[in-house]
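Enquirer: My file is work.txt. It has compact mmCIF, C-alpha atoms:
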```txt
# COMPACT_ATOMS: atom_id res chain seq x y z
CA ASN V 40 0.46 -18.79 8.31
CA ALA V 41 -1.95 -16.01 9.26
CA GLY V 42 0.26 -13.37 7.58
CA VAL V 43 -0.41 -9.91 8.98
CA THR V 44 -3.22 -9.60 11.51
CA GLN V 45 -4.75 -6.42 12.89
CA THR V 46 -7.07 -5.75 15.81
CA PRO V 47 -9.65 -4.39 16.12
CA LYS V 48 -11.39 -4.47 12.73
CA PHE V 49 -13.70 -1.58 13.59
CA GLN V 50 -13.58 1.12 16.26
CA VAL V 51 -15.59 4.22 17.10
CA LEU V 52 -13.98 6.79 19.39
CA LYS V 53 -15.06 10.11 20.79
CA THR V 54 -12.81 13.12 20.31
CA GLY V 55 -10.07 13.10 22.93
CA GLN V 56 -10.17 9.37 23.64
CA SER V 57 -7.09 7.24 23.21
CA MET V 58 -6.59 3.81 21.73
CA THR V 59 -3.96 1.43 20.44
CA LEU V 60 -4.17 -0.45 17.16
CA GLN V 61 -2.41 -3.79 17.27
CA CYS V 62 -0.53 -5.47 14.44
CA ALA V 63 1.31 -8.78 14.34
CA GLN V 64 3.03 -10.77 11.59
CA ASP V 65 4.15 -14.39 11.59
CA MET V 66 6.42 -14.29 8.53
CA ASN V 67 9.63 -13.43 10.42
CA HIS V 68 9.80 -10.10 8.60
CA ASN V 69 12.20 -7.43 9.80
CA SER V 70 10.33 -4.33 8.63
CA MET V 71 6.84 -3.16 9.56
CA TYR V 72 4.70 -0.17 8.57
CA TRP V 73 1.57 1.75 9.47
CA TYR V 74 -0.45 3.49 6.74
CA ARG V 75 -3.69 5.38 6.65
CA GLN V 76 -6.01 5.29 3.66
CA ASP V 77 -8.40 8.14 2.91
CA PRO V 78 -10.65 8.54 -0.15
CA GLY V 79 -8.74 10.09 -3.04
CA MET V 80 -5.50 10.20 -1.06
CA GLY V 81 -4.12 6.72 -1.60
CA LEU V 82 -2.00 5.27 1.19
CA ARG V 83 0.11 7.55 3.33
CA LEU V 84 2.86 6.26 5.57
CA ILE V 85 2.47 7.18 9.23
CA TYR V 86 5.44 5.40 10.84
CA TYR V 87 7.66 2.49 10.00
CA SER V 88 10.15 0.22 11.70
CA ALA V 89 13.01 -0.96 9.51
CA SER V 90 14.07 -3.50 12.13
CA GLU V 91 13.33 -4.51 15.70
CA GLY V 92 14.26 -1.68 18.03
CA THR V 93 14.00 1.12 15.47
CA THR V 94 11.13 3.36 14.40
CA ASP V 95 10.97 6.31 12.02
CA LYS V 96 8.43 8.89 10.99
CA GLY V 97 6.68 8.67 7.68
CA GLU V 98 4.72 11.25 5.76
CA VAL V 99 1.94 11.93 8.32
CA PRO V 100 3.18 11.13 11.87
CA ASN V 101 1.49 13.94 13.82
CA GLY V 102 -0.97 12.72 16.43
CA TYR V 103 0.41 9.16 16.46
CA ASN V 104 3.00 7.13 18.33
CA VAL V 105 4.29 3.65 17.65
CA SER V 106 5.97 0.83 19.52
CA ARG V 107 7.89 -2.05 17.98
CA LEU V 108 7.24 -4.43 20.84
CA ASN V 109 9.29 -7.28 19.35
CA LYS V 110 10.01 -8.63 15.91
CA ARG V 111 6.39 -9.77 15.44
CA GLU V 112 4.40 -6.83 16.80
CA PHE V 113 4.09 -3.17 15.88
CA SER V 114 1.41 -1.06 17.55
CA LEU V 115 0.02 2.36 16.67
CA ARG V 116 -1.31 4.64 19.41
CA LEU V 117 -3.62 7.61 19.16
CA GLU V 118 -3.18 9.58 22.38
CA SER V 119 -6.04 12.05 21.85
CA ALA V 120 -8.19 11.15 18.88
CA ALA V 121 -9.44 13.86 16.53
CA PRO V 122 -12.10 13.66 13.77
CA SER V 123 -9.29 14.17 11.20
CA GLN V 124 -7.98 10.75 12.23
CA THR V 125 -11.10 9.03 10.93
CA SER V 126 -9.62 6.67 8.37
CA VAL V 127 -8.80 3.09 7.49
CA TYR V 128 -5.50 2.01 8.98
CA PHE V 129 -3.33 -0.68 7.44
CA CYS V 130 -0.34 -2.44 8.89
CA ALA V 131 2.19 -4.04 6.53
CA SER V 132 5.45 -5.95 6.79
CA SER V 133 8.34 -6.83 4.49
CA VAL V 134 11.40 -9.04 4.62
CA GLY V 135 13.87 -6.24 5.06
CA THR V 136 15.49 -3.08 3.87
CA GLY V 137 15.76 -2.10 0.25
CA GLY V 138 12.85 -1.09 -1.92
CA THR V 139 12.68 -4.33 -3.85
CA TYR V 140 10.89 -6.17 -1.09
CA GLU V 141 7.15 -6.72 -1.40
CA GLN V 142 5.00 -5.46 1.44
CA TYR V 143 2.32 -7.72 2.87
CA PHE V 144 -0.78 -5.99 4.21
CA GLY V 145 -3.22 -6.74 6.98
CA PRO V 146 -7.00 -6.46 6.49
CA GLY V 147 -7.23 -2.99 8.02
CA THR V 148 -8.92 -1.22 10.93
CA ARG V 149 -11.79 1.15 10.20
CA LEU V 150 -11.65 3.97 12.75
CA THR V 151 -14.32 6.62 13.18
CA VAL V 152 -13.76 9.56 15.52
CA THR V 153 -16.89 11.53 16.41
CA ALA Y 260 12.06 12.50 -4.16
CA GLN Y 261 10.19 9.78 -5.94
CA SER Y 262 6.48 9.96 -6.75
CA VAL Y 263 3.83 8.31 -8.90
CA THR Y 264 0.85 9.75 -10.74
CA GLN Y 265 -2.09 7.58 -11.67
CA LEU Y 266 -4.20 9.00 -14.47
CA GLY Y 267 -7.90 8.59 -13.78
CA SER Y 268 -9.35 7.93 -10.34
CA HIS Y 269 -12.09 5.80 -11.95
CA VAL Y 270 -11.92 3.68 -15.09
CA SER Y 271 -14.81 1.69 -16.55
CA VAL Y 272 -14.43 -1.09 -19.10
CA SER Y 273 -16.81 -3.68 -20.46
CA GLU Y 274 -16.36 -7.32 -19.57
CA GLY Y 275 -14.03 -8.88 -22.15
CA ALA Y 276 -12.47 -5.53 -23.15
CA LEU Y 277 -8.87 -4.41 -22.69
CA VAL Y 278 -7.93 -3.01 -19.30
CA LEU Y 279 -5.39 -0.16 -19.31
CA LEU Y 280 -4.50 1.63 -16.07
CA ARG Y 281 -1.94 4.39 -16.41
CA CYS Y 282 0.95 5.17 -14.09
CA ASN Y 283 3.80 7.64 -14.51
CA TYR Y 284 6.65 7.86 -12.07
CA SER Y 285 9.26 10.36 -11.03
CA SER Y 286 12.51 9.21 -9.53
CA SER Y 287 16.04 10.58 -9.39
CA VAL Y 288 17.50 7.07 -9.57
CA PRO Y 289 16.37 3.93 -11.40
CA PRO Y 290 13.28 2.85 -9.51
CA TYR Y 291 11.57 -0.26 -8.36
CA LEU Y 292 7.92 -0.16 -9.45
CA PHE Y 293 4.91 -2.06 -8.19
CA TRP Y 294 1.23 -2.55 -8.85
CA TYR Y 295 -0.97 -3.54 -5.93
CA VAL Y 296 -4.67 -4.45 -5.97
CA GLN Y 297 -7.23 -3.89 -3.22
CA TYR Y 298 -10.51 -5.78 -3.31
CA PRO Y 299 -13.41 -4.34 -1.31
CA ASN Y 300 -12.88 -4.39 2.45
CA GLN Y 301 -9.48 -6.03 2.15
CA GLY Y 302 -5.85 -5.05 2.41
CA LEU Y 303 -3.56 -4.58 -0.58
CA GLN Y 304 -1.86 -7.46 -2.34
CA LEU Y 305 0.95 -7.40 -4.86
CA LEU Y 306 0.02 -7.87 -8.53
CA LEU Y 307 3.50 -7.49 -10.00
CA LYS Y 308 6.79 -5.66 -9.59
CA TYR Y 309 9.59 -4.32 -11.78
CA THR Y 310 13.14 -4.65 -10.52
CA SER Y 311 15.03 -4.26 -13.84
CA ALA Y 312 15.28 -7.91 -14.83
CA ALA Y 313 12.88 -7.42 -17.75
CA THR Y 314 10.88 -4.43 -18.98
CA LEU Y 315 7.70 -6.47 -19.51
CA VAL Y 316 6.53 -7.87 -16.20
CA LYS Y 317 3.84 -10.49 -15.85
CA GLY Y 318 1.78 -10.71 -12.69
CA ILE Y 319 -1.09 -12.62 -11.22
CA ASN Y 320 -4.59 -12.91 -12.69
CA GLY Y 321 -3.42 -12.22 -16.26
CA PHE Y 322 -2.13 -8.70 -15.62
CA GLU Y 323 1.11 -7.35 -17.00
CA ALA Y 324 2.96 -4.03 -17.05
CA GLU Y 325 5.69 -2.57 -19.22
CA PHE Y 326 8.45 -0.33 -17.90
CA LYS Y 327 9.21 2.47 -20.37
CA LYS Y 328 12.10 4.60 -19.20
CA SER Y 329 11.77 7.12 -22.04
CA GLU Y 330 8.15 7.78 -21.07
CA THR Y 331 8.66 7.30 -17.29
CA SER Y 332 5.63 5.04 -17.38
CA PHE Y 333 4.59 1.70 -15.95
CA HIS Y 334 1.06 1.12 -17.27
CA LEU Y 335 -0.93 -1.95 -16.20
CA THR Y 336 -2.82 -3.96 -18.81
CA LYS Y 337 -4.98 -7.05 -19.12
CA PRO Y 338 -6.25 -8.25 -22.52
CA SER Y 339 -9.73 -9.25 -21.40
CA ALA Y 340 -11.50 -7.87 -18.32
CA HIS Y 341 -13.42 -10.12 -15.98
CA MET Y 342 -16.04 -9.11 -13.46
CA SER Y 343 -13.73 -10.27 -10.68
CA ASP Y 344 -11.18 -7.61 -11.69
CA ALA Y 345 -13.35 -4.88 -10.18
CA ALA Y 346 -11.13 -3.40 -7.47
CA GLU Y 347 -8.87 -0.47 -6.69
CA TYR Y 348 -5.38 -0.54 -8.16
CA PHE Y 349 -2.35 1.27 -6.79
CA CYS Y 350 0.90 2.02 -8.55
CA ALA Y 351 3.91 2.43 -6.26
CA VAL Y 352 7.59 3.35 -6.51
CA SER Y 353 10.63 3.01 -4.31
CA ASP Y 354 14.25 4.10 -4.63
CA ARG Y 355 16.75 1.35 -5.11
CA GLY Y 356 18.23 0.42 -1.79
CA ARG Y 357 17.92 3.83 -0.20
CA ASP Y 358 15.33 2.86 2.36
CA ASP Y 359 12.36 0.70 2.94
CA LYS Y 360 9.73 3.16 1.93
CA ILE Y 361 7.34 2.67 -0.95
CA ILE Y 362 5.40 5.68 -2.23
CA PHE Y 363 1.87 4.85 -3.39
CA GLY Y 364 -0.21 6.61 -5.98
CA LYS Y 365 -3.73 7.77 -5.17
CA GLY Y 366 -5.31 4.73 -6.77
CA THR Y 367 -7.58 3.95 -9.72
CA ARG Y 368 -10.90 2.22 -9.14
CA LEU Y 369 -11.68 -0.19 -11.95
CA HIS Y 370 -15.36 -0.80 -12.77
CA ILE Y 371 -16.36 -3.69 -15.00
CA LEU Y 372 -19.54 -3.25 -17.02
CA PRO Y 373 -21.57 -6.36 -17.90
```
Translate this file's structure into C-alpha cells.
Expert:
Amino acid sequence: NAGVTQTPKFQVLKTGQSMTLQCAQDMNHNSMYWYRQDPGMGLRLIYYSASEGTTDKGEVPNGYNVSRLNKREFSLRLESAAPSQTSVYFCASSVGTGGTYEQYFGPGTRLTVT
Amino acid sequence: AQSVTQLGSHVSVSEGALVLLRCNYSSSVPPYLFWYVQYPNQGLQLLLKYTSAATLVKGINGFEAEFKKSETSFHLTKPSAHMSDAAEYFCAVSDRGRDDKIIFGKGTRLHILP
C-alpha cells in the first residue's frame, strides 16, 4: 500500500495564481483532512471530510476550497494565492469518525507564494 | 474546546540521557491523547495514543507516556536517547466521539547531543 500520497511535492506560485493540491489514499478510509504547517504554529486544520460527499471547515479555511472527489481523493484548491499561504501542506486520512482513530499523513507539499 | 500546550519549543538532551517532552491538555470531557513524530521532510506518524485502557501507554521506538488526570498531563518519555530520535514531536487531543478533529500542539523539536 502507498498509504497517503500527495502531489506535487514542491510548488512555487506568483501572487494571484491558482493551483490544486492533490491527495489520495488507498487504505479505504472514510475521513480525510488538509492541514497547513507553519514554523512555531504546529498543524492547523484547513478543511476536512468526515465521509464521502461531505466537507467541513476547520480552523483556517479562508482562501481555500476543497473537493472530495470520491472516497480515495481529496483535493485542496487555492483560487488566488497570497504570500500568507506560503506553508507546508499535509493531507491525512483516518478510518472514520470518533477521535480515537489514528490519522495517517502524506509526505507534504511545500508551497511558496512570491 | 479542547487544547494542548507543549512546554518548550526546543529540547536538547545528550545521547543516552532521559528524554522528557511535556504536554498538558485542556478538555471538557475525558480526552483521547496522542503523540506524533515528524522526521525531517516527512509527514507525521503516530508514536502512541491514550484511549483510557491504561494510564501508561507504550509506543514505538521505546517511547512511552503517562496520562495523569489530576495534572492534566500526558508527558512523553524515553529512558535513553538515540541520535535517531532527533525529530519534532507533537502532542494532540480529541474529544471522545464528538467529531473527527484532532487538535495539535505547536510541537517540540528534540535535539540529540553526541
Enquirer: Which neighbours of Asp344 of chain Y fall inside 10 Å, counting all atoms listed in the file, when residues of the same chain fewer than 2 positions from it are skipped, and could you give them as an MDAnalysis selection string?
Expert: chainID Y and resid 274 278 296 298 320 322 337 339:342 346:348 369:371
Enquirer: Around the point (-3.3, -5.1, 13.3) in the file's coordinates, collect all residues with an atom within 12 Å, using all atoms listed in the file, and return them as a PyMOL selection string.
Expert: (chain V and resi 41-49+59-64+71-74+111-116+127-132+144-149) or (chain Y and resi 302)
Enquirer: With all atoms listed in the file as the counted atoms, please give the residues lying no more than 7 Å from segment 303-315 of chain Y, apart from itself and same-chain residues fewer than 4 positions off, as an NGL selection string.
Expert: (:V and (139 or 143-144)) or (:Y and (291-297 or 319 or 324-326))
Enquirer: Give me, please, the distance in Å between atom CA of Leu279 of chain Y and atom CA of Gln261 of chain Y, quoted to one decimal.
Expert: 22.8 Å
Enquirer: Name all residues at most 12 Å from Thr94 of chain V (count only C-alpha atoms; drop same-chain ones fewer than 4 positions away) and give them as a PyMOL selection string.
Expert: (chain V and resi 69-73+85-90+100+104-109+113-115) or (chain Y and resi 359)
Enquirer: Using C-alpha atoms, can you write the selected residues to a file as a tab-separated table (two decimals), in the frame of the given file?
Expert:
```tsv
chain	number	residue	atom	x	y	z
V	69	ASN	CA	12.20	-7.43	9.80
V	70	SER	CA	10.33	-4.33	8.63
V	71	MET	CA	6.84	-3.16	9.56
V	72	TYR	CA	4.70	-0.17	8.57
V	73	TRP	CA	1.57	1.75	9.47
V	85	ILE	CA	2.47	7.18	9.23
V	86	TYR	CA	5.44	5.40	10.84
V	87	TYR	CA	7.66	2.49	10.00
V	88	SER	CA	10.15	0.22	11.70
V	89	ALA	CA	13.01	-0.96	9.51
V	90	SER	CA	14.07	-3.50	12.13
V	100	PRO	CA	3.18	11.13	11.87
V	104	ASN	CA	3.00	7.13	18.33
V	105	VAL	CA	4.29	3.65	17.65
V	106	SER	CA	5.97	0.83	19.52
V	107	ARG	CA	7.89	-2.05	17.98
V	108	LEU	CA	7.24	-4.43	20.84
V	109	ASN	CA	9.29	-7.28	19.35
V	113	PHE	CA	4.09	-3.17	15.88
V	114	SER	CA	1.41	-1.06	17.55
V	115	LEU	CA	0.02	2.36	16.67
Y	359	ASP	CA	12.36	0.70	2.94
```
Enquirer: Please report the interatomic distance between atom CA of Pro289 of chain Y and atom CA of Thr264 of chain Y in Å with one decimal.
Expert: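 Those two atoms sit 16.6 Å apart.
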Enquirer: Put a box with edges along x, y and z around all the listed atoms of segment 45-63 of chain V, pad it by 6 Å on each side, then give me its centre and sizes in Å, one decimal, as AutoDock Vina command-line options.
Expert:
```
--center_x -7.1 --center_y 2.2 --center_z 18.2 --size_x 28.9 --size_y 33.9 --size_z 22.9
```
Enquirer: From the list Y:Arg281, Y:Lys328, Y:His334, Y:Lys360, which residue is nearest Gln265 of chain Y when using only C-alpha atoms?
Expert: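 Among Y:Arg281, Y:Lys328, Y:His334, Y:Lys360, it is Y:Arg281 that comes nearest to Gln265 of chain Y.
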Enquirer: Using only C-alpha atoms, which residues sit within 9 Å of Pro78 of chain V once same-chain residues fewer than 2 positions away are excluded, as a VMD selection string?
Expert: (chain V and resid 76 80 to 81 126) or (chain Y and resid 365)
Enquirer: Which of these residues is nearest to Gln50 of chain V, using all atoms listed in the file: V:Gln142, V:Asn67, V:Ala120, V:Ser133?
Expert: V:Ala120
Enquirer: Ranking V:Thr93, V:Leu117, V:Arg83, V:Ser123 by minimum distance to chain Y and counting all atoms listed in the file, which one comes first?
Expert: V:Arg83
Enquirer: Looking at only C-alpha atoms, which of V:Glu91, V:Lys96, V:Glu141, V:Thr54 is the one that sits closest to chain Y?
Expert: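 Smallest distance to chain Y is found for V:Glu141.
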Enquirer: Report, in Å with one decimal, the straight-line distance from atom CA of Thr125 of chain V to atom CA of Val152 of chain V.
Expert: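 Rounded to one decimal, the two atoms are 5.3 Å apart.
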Enquirer: Taking into account all atoms listed in the file, which residue in the set V:Val134, V:Ala121, V:Leu82, V:Leu52 is nearest to chain Y?
Expert: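 Ranked by minimum distance to chain Y, first place goes to V:Leu82.
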Enquirer: Would you mind telling me which residue in Y:Val270, Y:Ala276, Y:Val263, Y:Leu335 lies nearest to chain V when using all atoms listed in the file?
Expert: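 Between Y:Val270, Y:Ala276, Y:Val263, Y:Leu335, the residue approaching chain V most closely is Y:Val263.
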Enquirer: Name the residues, using the chain letters and numbers of the file, that sit within 10 Å of (7.9, 11.7, -14.3) when counting only C-alpha atoms, and give them as a ChimeraX atom specification.
Expert: /Y:261-264,282-287,328-332
